[in-house]
Structures are given as structure tokens and as C-alpha cells.
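Novice: Could you have a look at this structure, given as C-alpha cells, before my questions?
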There are 2 protein chains.
Amino acid sequence: MTELSIGEVAERTGLSVHALRFYEREGLLVGPVRRTAGGRRRYAVLDVQWLEICIRLRESGMPLADLRRFADLVRQGPGNEAERLRLLDAHRQRVDERIRELEECRSLIAWKTAVYADHLERGEAAGLWDPTAGSPAAPGQSSSLSSRS
Amino acid sequence: MTELSIGEVAERTGLSVHALRFYEREGLLVGPVRRTAGGRRRYAVLDVQWLEICIRLRESGMPLADLRRFADLVRQGPGNEAERLRLLDAHRQRVDERIRELEECRSLIAWKTAVYADHLERGEAAGLWDPTAGSPAAPGQSSSLSSRS
DNA sequence: GTAGGAAGTGGAGCGCGGTCTAGATCAAGC
DNA sequence: GCTTGATCTAGACCGCGCTCCACTTCCTAC
């Protein structure tokens with residue numbers, strides 16, 4: 001049983017059957033999926049592996065349009081590897097940038113949670129609103145973001 | 001000139017004036033923004049600081065609904081710090097999770113770009129399709145994702 | 001006083017990434 | 001044969017986060 005039904009693929013990839021059909025319609029798959037005599041889809045191992053790559057790229061924020069572009073390139077066969085590389089590399093850079101951004105946000109959030117945790121530990125009465133209260137130092141440039149919240 | 005017009009706030013926060021009005025309508029701001037006699041918004045420093053927090057939280061993927069909930073809590077004043085903490089902390093955890101996820105994706109993408117770069121360096125003739133070709137080891141569990149692309 | 005630009009309001013529209021519906025067909029088990 | 005459940009297609013619909021439109025009002029400068 002080396003080929004899978006759409007339901008089985010949905011189960012093991014985490015995509016819904018709806019999403020699987022949608023991806024196919026949108027040209028995100030490299031080859032046309034094989035069908036049974038009755039018209040049902042039969043996914044080969046390669047199809048599922050490709051889907052797993054798609055899922056990773058999507059998870060990391062690649063828009064469907066780029067994913068389609070990548071699938072188009074692969075579908076065209078050898079000869080356009082430089083373009084595939086550019087596409088993936090540009091995406092990797094965006095992912096790096098996004099990670100950096102998230103880490104910055106994370107540090108602000110962590111600092112604010114520390115302010116609250118500290119406040120709660122000292123008891124409800126201690127004032128978050130008192131600007132002179134000693135609280136953990138703020139990260140980044142701005143140092144007075146806590147006064148209101 | 002300690003208060004700013006909506007245009008000035010847009011310029012320094014990077015939000016559009018449309019978005020600023022939208023955020024206000026959606027209850028994402030803590031206090032009602034002051035108005036001039038003629039009805040124009042005048043943003044105080046605190047308003048802008050709050051917006052900067054909102055922007056960070058949004059950037060890091062907090063949905064507007066949660067942001068509104070947080071604004072509601074702050075608006076209600078002292079006494080609900082524990083809930084604010086829970087909200088922020090839950091978000092921080094999601095951000096951490098997201099960073100982890102992105103890093104995993106990044107390593108797959110980096111590996112695939114390495115495969116392509118390697119291929120191009122050896123010249124267009126070398127086969128990406130040859131499963132026996134020595135290529136950098138794949139990260140994670142799956143080791144045969146390259147054969148198709 | 002009038003021109004021009006910024007800002008006001010309410011509400012429609014949009015781009016993305018799916019999700020769901022309707023109604024038909026297929027396939028396995030009794 | 002019949003039921004049950006998975007799958008099929010085409011196309012409508014949705015939630016989110018804005019964005020834009022139409023039209024009015026305000027304000028500054030000439």
C-alpha cells in the first residue's frame with residue numbers, strides 16, 4: 001500500500017482534505033496527483049514529501065504565490081536551479097529577519113511580565129503606577145513604557 | 001507641542017491614519033484620545049507609548065481580540081494585574097513556540113539552499129535528481145526530501 | 001472669502017488562506 | 001441490492017486586519 005488516499009494524507013500531514021484539494025487547484029503541487037479509475041486521488045510518497053516541504057515553507061510564512069512559483073520551477077525540471085536558489089534564499093533571509101523581530105518583541109514582553117510578576121509578589125497594593133517604584137530595567141531604547149500598564 | 005495630530009502619530013509609529021482610527025474604533029486604546037474643539041484627535045505621549053506596545057504585540061502575532069482584552073484590563077485600572085500577567089505570559093509562550101518553529105523551518109530551508117548552491121557550484125550538469133550524489137546531510141528526521149527539488 | 005490640504009465619519013471592499021456547502025459518485029460491508 | 005461513509009467538483013463563504021471611498025468639516029494661508 002504505497003499510495004495514500006486524500007484522507008490518509010490529511011491525517012498524516014495535518015492539512016485538511018479541503019486544503020489538499022485547494023493546494024492542488026492552486027498549482028502548489030509539482031505533479032498532477034494520480035487518480036483511481038473512479039477518480040479518487042492517490043498520493044505517492046513523493047507527493048507527500050513535497051507537501052511536507054510546502055508545509056514548512058508555509059509555516060515559515062512563505063505566501064502561496066511564492067510557493068506556486070517554486071512548484072512551477074520544479075515542475076519545469078532541471079535548468080532553473082539558480083532561480084530556485086534565489087527564491088529559497090530570499091525566503092531564508094525573511095525568516096531570519098522575522099526571528100530577529102520576534103526575539104525583540106519577546107524581550108519587551110518578558111520585561112513587562114517581569115514587571116507584573118514583581119508587582120504581584122509585593123502584593124496588590126504596590127503601585128504599578130508609581131513611576132519611582134524600582135522595577136527591572138527596560139530593554140531597548142525606551143525606558144518608560146511601564147508607567148501605564 | 002506635547003500632543004500630536006493623527007498624521008504625526010502615523011508618521012512616527014508607522015501605522016496608517018486609517019489604522020489608527022481603526023484601532024480606536026476597535027477599543028484597542030486605553031483611554032479615549034483627546035480632541036480639539038474642532039473634533040481632531042490629539043494624541044498624548046502616553047497614547048503613543050501605548051500604541052508602541054500594541055505594535056510590538058501585534059508584530060509578534062497577538063490577535064486584535066487579545067489586544068483589546070488587554071486594553072480593557074488596563075482601562076479597568078488596578079486590581080486585575082494577575083490576569084494581565086496571564087495574558088502576557090501566554091502570549092510570550094506562543095512567541096517562544098513560534099520562534100522555535102521558525103528556527104526549525106529555517107534549518108530545513110538553509111539545508112535546501114545548500115543543496116542548490118552546491119549543485120550550482122559543481123556546474124549545471126551535476127544531477128540534483130541523482131539520489132546517490134553526495135549532498136549535505138539533512139537536518140531533522142527526514143533525510144530524502146531533496147530527491148525531487 | 002476662498003482655495004487646498006488634513007482630518008472627520010460610516011460603511012464598503014480587499015487580499016490572504018483557507019473552509020464549507022450542495023449534490024453527485026464511488027467503494028466496502030452486510 | 002442497499003446502506004454508509006469517503007471522495008468528487010464547482011463555487012460560495014469566512015475571519016482577520018486593515019484599506020479605501022464618499023462626503024463633510026476644519027483650519028491655514030493667501
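By convention here, the chains of the C-alpha cells are called A, B, ... in the order presented, each chain's residues are numbered starting at 1, and ligands are numbered starting at 1 in the order presented.
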I need the residues in region 32-121 of chain A that are helix (DSSP H, G or I) according to DSSP; give them as a VMD selection string.
Specialist: chain A and resid 45 to 59 64 to 76 81 to 121
Novice: Residues of chain C within 10 Å of chain B, counting only C-alpha atoms (C1' of nucleotides), what are they? List them as a ChimeraX atom specification.
Specialist: /C:6-8
Novice: Could you list the residues in chain D lying within 12 Å of chain B, using only C-alpha atoms (C1' of nucleotides), and format the result as a list in words?
Specialist: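 Matching residues, ligands excluded from the count: DG15, DC16, DG17, DC18, DT19, DC20, DT25, DC26 and DC27 of chain D.
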Novice: Residues of chain B in strand (DSSP E) according to DSSP, as a list in words?
Specialist: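 Those residues are Arg34, Arg35, Arg41 and Arg42 of chain B.
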Novice: Set the distance at 6 Å and use only C-alpha atoms (C1' of nucleotides): which residues neighbour Arg42 (chain A) once local chain neighbours fewer than 5 positions away are removed? I'd like the list as an mmCIF file with C-alpha atoms, in the first residue's frame.
Specialist:
```
data_model
loop_
_atom_site.group_PDB
_atom_site.id
_atom_site.type_symbol
_atom_site.label_atom_id
_atom_site.label_comp_id
_atom_site.auth_asym_id
_atom_site.auth_seq_id
_atom_site.Cartn_x
_atom_site.Cartn_y
_atom_site.Cartn_z
ATOM 1 C CA GLU A 3 -0.138 5.150 -2.215
ATOM 2 C CA LEU A 4 -2.466 7.032 0.069
ATOM 3 C CA SER A 5 -5.984 8.412 -0.137
ATOM 4 C CA ARG A 34 -2.576 10.109 -9.755
ATOM 5 C CA ARG A 35 -6.223 9.028 -9.752
#
```
Novice: So which residues touch Glu59 (chain B) within 10 Å, counting only C-alpha atoms (C1' of nucleotides), skipping near sequence neighbours fewer than 4 positions away, as a PDB file with C-alpha atoms, in the first residue's frame?
Specialist:
```pdb
ATOM      1  CA  ARG A  98      11.294  37.556  11.320  1.00  0.00           C
ATOM      2  CA  GLU A 101      11.884  40.717  15.116  1.00  0.00           C
ATOM      3  CA  LEU A 102      10.143  38.143  17.278  1.00  0.00           C
ATOM      4  CA  CYS A 105       9.220  41.565  20.831  1.00  0.00           C
TER       5      CYS A 105
ATOM      6  CA  ILE B  53       3.338  48.420  22.927  1.00  0.00           C
ATOM      7  CA  CYS B  54       0.363  47.475  20.776  1.00  0.00           C
ATOM      8  CA  ILE B  55       2.571  47.458  17.721  1.00  0.00           C
ATOM      9  CA  PRO B  63      -4.616  38.866  17.620  1.00  0.00           C
TER      10      PRO B  63
END
```
Novice: Restricting the calculation to only C-alpha atoms, which member of B:Gln49, B:Pro32, B:Ala65, B:Arg58 is positioned closest to chain A?
Specialist: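 For chain A, the nearest of the candidates is B:Gln49.
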Novice: Give me, as a ChimeraX atom specification, the residues of chain B touching chain A, with the criterion being at most 8 Å (counting only C-alpha atoms).
Specialist: /B:46,49-50,53,56-57,59-60,74,79,81-82,84-85,88-89,92,95-96,99,101-103,105-106,109-110,112-113,116-117,120,124,145,148-149
Novice: So how many Å separate CA of Leu67 (chain B) and C1' of DC21 (chain D), to one decimal?
Specialist: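 Between these atoms lies a distance of 27.8 Å.
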Novice: To one decimal in Å, tell me the separation between C1' of DT24 (chain D) and CA of Leu28 (chain B).
Specialist: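 Separating C1' of DT24 (chain D) from CA of Leu28 (chain B) is a distance of 26.3 Å.
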Novice: For C1' of DC26 (chain C) and C1' of DG5 (chain D), determine how far apart the two atoms are, in Å to one decimal place.
Specialist: 10.4 Å
Novice: Please list as a ChimeraX atom specification every residue within 12 Å of DC14 (chain D), counting only C-alpha atoms (C1' of nucleotides) and excluding residues in the same chain fewer than 6 positions away.
Specialist: /C:16-20
Novice: Those residues you just picked out, can you put them in a file as a compact mmCIF listing (two decimals), in the first residue's frame with C-alpha atoms (C1' of nucleotides)?
Specialist:
```txt
# COMPACT_ATOMS: atom_id res chain seq x y z
C1' DC C 16 -5.00 36.12 2.03
C1' DG C 17 -5.60 31.47 3.16
C1' DG C 18 -8.31 28.59 3.58
C1' DT C 19 -13.29 26.35 4.90
C1' DC C 20 -17.73 24.83 3.86
```
